[in-house]
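Participant: Below you will find the structure I want to go over with you.
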Amino acid sequence: MKKYELETVVRVSERYGSGLLHLVLERTDGKDMPEMAPGQFVEVAVDRAKVLLNRPISIFNRTDKALELLVSPIGTATKALCEYVTGDRLRIIGPLGHGFSTQFAAGTRVLLMGGGVGIAPLYYQLRTLLSAGVKAEVVYGNRTAQDAEICALFSGLAPLHVCTDDGTAGFHGLVTQHPATEGAFDFVQVCGPKPMMKACARLAAAKGVPAEVSLENQMACGLGACLCCVEDSKDGNVCVCKNGPVFNTSLLKWQ
Amino acid sequence: MAIDLTTHIGNLTLQNPVLTASGTFGYGLEYADFIDLDRLGGFVVKGTTLEPRQGNPYPRMAETPSGMLNAVGLQNAGVEHFIEETYPLLRDCKAEVIVNVSGAKIDDYVAVAERLQERTGIRAIELNISCPNVKQGGMAFGTTCAGAESVVSAVRKAWKGHLMVKLSPNVTSITDIALAAEAAGADSLSLINTLMGMAIDIETQRPKLSTVTGGLSGPAVKPVAVRMVWQVASKVSIPVVGLGGIATAADAIEFLLAGARAIQIGTYNFVDPSVSVKVVEGIEDYCRRHGVEKVEDLCGALKI
Ligand SMILES: Cc1cc2nc3c(=O)[nH]c(=O)nc-3n(C[C@H](O)[C@H](O)[C@H](O)COP(=O)(O)OP(=O)(O)OC[C@H]3O[C@@H](n4cnc5c(N)ncnc54)[C@H](O)[C@@H]3O)c2cc1C
Ligand SMILES: Cc1cc2nc3c(=O)[nH]c(=O)nc-3n(C[C@H](O)[C@H](O)[C@H](O)COP(=O)(O)O)c2cc1C
Ligand code: FES
């Protein structure tokens, strides 16, 4: 998919209770957003953070006019990004990488599993799957109670199963322990912290179904040029930014 | 006023003085959605070795103030793969495609150069005797005059094309190494490679790179690089290609004034994938504003 450098303007900047920021960006030239696939990401130039490198952020949603991001303020650049308000400008590079599989036979049952801000790429993925007639359910885990806004977005489309580590909302426990995961599924797609993704990969393996996970290795270029973001795979070191970020777990040395 | 951007580096003629640096520009194709590669003076592809290399374990990078550390360790698919798979995609490019040649032993450097000479139309190689991220070879050749002399003269015997030698800043006297490389038959010198550095995650109390130390690049290194280019250019009589921290045309012009005939842009390609073309345009604009008809007139024009 062709990559672009896009000048964008913040149309909506909404801070959720948990501290996550939902950003809706449009192009300053008013043109449509280029085509983007779910699971792909963009590099964001956070000028105000005074950092050198751009930061990779998943595509939370894409509509004809807008690109939506979900940002968790964990460090210098993401904290600065969470201060951006309506009317601010952001330079974006993307779409980058390869996303989740979306070509399934009608009636295929896909289990989407998100942990924390890892829920971000699964919303666009869910919309894409449903519009292709694929059945999907979502398990969303968090340390503590989720943002109601995010839950509302997902539960409006498909069955949503919420889990929290502290029991403040939904099921008290890990995503892999949620009863919904005991159902029959044909494919599992995951984004979240690495230990959670590994547990989900084991769950899929136990069911005998394939799993795709979205990795978050540190990146410099996001374009496959610097070779900083590699993951040790069965094919040797592969670039997460170019060959991923989404990988079928059968390629990874996770066992 | 039409500005003449033509740049001569010894027997190599470039359409302008802007190149991109090895290891930061992949094989050029990674940037083709953002810029017209034909508009560059040239690009230097990733360090190429005789055998494929997997490089160092992850994590391989850490951002630092106005810069970054890397410890990629020359991951590449080897010279055979370059010749068979990559070169055919690049051969018609109007920009000069320069291959960065690396190795652990002198014989390896020579073998890579020989294969490129026999089976490609590559006109220039950049000999990487300055990589801080590999245990053997690499920087070991670039940190002593005898080491530099031995590898440069061996490759010189085998390689008839343009021989650019890339110098390490991790030395006591870069001019001594530069003079040794010149005496051994280098056609030009490029400098600087990355500066050895280190960063620690204080929460885990572990190094941020898998290799503990790595190479520092980006705007943070620019003053060091300009100083070294100035020192080397005033000592040697072969052309010097300057790099280290270039982010704008103004940065590039500093290097030209200090005595560089051409420049390379590295880390900043990660920040702005079209920076290289912007620098070409910016240099042209500067020449127009300063009544400079030929960009080569800027080379070493520093007034002291
Ligand atoms: C493909 C991809 C998609 C992503 N999608 C999203 C998203 O949708 N929303 C979102 O909020 N974030 C996302 N991230 C993560 C985001 O890129 C990082 O949180 C961000 O780069 C951190 O930058 P910072 O300046 O805020 O933190 P820094 O100040 O640079 O770092 C803060 C701390 O986090 C550690 N750290 C930073 N990056 C990483 C990493 N990649 N792996 C391990 N430790 C790290 C640092 O070592 C440091 O201790 C994604 C990352 C990738 C690779
Ligand atoms: C990720 C990365 C990989 C690099 N790989 C190589 C390499 O393979 N061969 C080489 O000669 N230099 C390599 N370099 C060094 C650059 O070519 C350049 O000398 C250095 O980064 C300084 O320039 P800059 O500050 O513009 O990046 C690499 C630099 C980076 C950041
Ligand atoms: S981040 Fe540069 S190759 Fe992946």
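Each chain in the structure tokens gets a letter, A, B and so on, in the order shown; residues start at 1 in every chain, and ligands are counted from 1 in the order they appear.
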Looking only at helix (DSSP H, G or I) from DSSP on the backbone, list the matching residues of region 74-163 of chain A as a ChimeraX atom specification.
Facilitator: /A:76-81,116-131,148-155
Participant: Kindly work out which residues sit at most 6 Å from ligand 2, using only C-alpha atoms and all ligand atoms, and give the list as an MDAnalysis selection string.
Facilitator: (chainID A and resid 226) or (chainID B and resid 21:24 46:47 70 74 128 192:194 217:218 243:246 265:267)
Participant: Please determine the contact residues of chain A with respect to chain B at a cut-off of 7 Å, counting only C-alpha atoms, and supply them as a PDB file with C-alpha atoms, in the first residue's frame.
Facilitator:
ATOM      1  CA  LYS A   2       1.359   3.432  -0.932  1.00  0.00           C
ATOM      2  CA  LYS A   3       2.843   5.435   1.937  1.00  0.00           C
ATOM      3  CA  TYR A   4       2.281   9.154   2.393  1.00  0.00           C
ATOM      4  CA  VAL A  51      12.154  14.399  20.621  1.00  0.00           C
ATOM      5  CA  LEU A  52      14.011  13.497  17.430  1.00  0.00           C
ATOM      6  CA  LEU A  53      12.222  10.408  16.203  1.00  0.00           C
ATOM      7  CA  ASN A  54       8.606   9.947  15.195  1.00  0.00           C
ATOM      8  CA  ALA A 220      13.468   4.441  14.311  1.00  0.00           C
ATOM      9  CA  CYS A 221      12.340   4.715  10.674  1.00  0.00           C
ATOM     10  CA  LEU A 223      10.005   2.013   6.770  1.00  0.00           C
ATOM     11  CA  GLY A 224      12.221  -1.072   6.798  1.00  0.00           C
ATOM     12  CA  ALA A 225      15.343   1.017   6.224  1.00  0.00           C
ATOM     13  CA  CYS A 226      17.218   1.033   9.553  1.00  0.00           C
ATOM     14  CA  LEU A 227      16.763  -2.577  10.769  1.00  0.00           C
ATOM     15  CA  CYS A 228      16.389  -1.433  14.389  1.00  0.00           C
ATOM     16  CA  VAL A 230      13.804  -6.668  14.361  1.00  0.00           C
ATOM     17  CA  GLY A 236      15.871 -14.939  11.102  1.00  0.00           C
ATOM     18  CA  ASN A 237      15.607 -11.288  12.079  1.00  0.00           C
TER      19      ASN A 237
END
Participant: Excluding His178 (chain A) and residues on its chain fewer than 5 positions from it, collect all residues at most 12 Å away from it, counting only C-alpha atoms, and give them as a list of chain:residue names.
Facilitator: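 These residues fall inside the cut-off: A:Met113, A:Val138, A:Val139, A:Tyr140, A:Gly141, A:Leu160, A:His161, A:Val162, A:Cys163, A:Thr164, A:Asp165, A:Gly170, A:Phe171, A:His172, A:Gly173, A:Gly183, A:Cys200, A:Leu203.
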Participant: Select, from A:Val71, A:Val110, A:Ala77, A:Val42, the residue with the minimum atom-to-atom distance to ligand 3, counting only C-alpha atoms and all ligand atoms.
Facilitator: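 Closest to ligand 3, using only C-alpha atoms and all ligand atoms: A:Val42.
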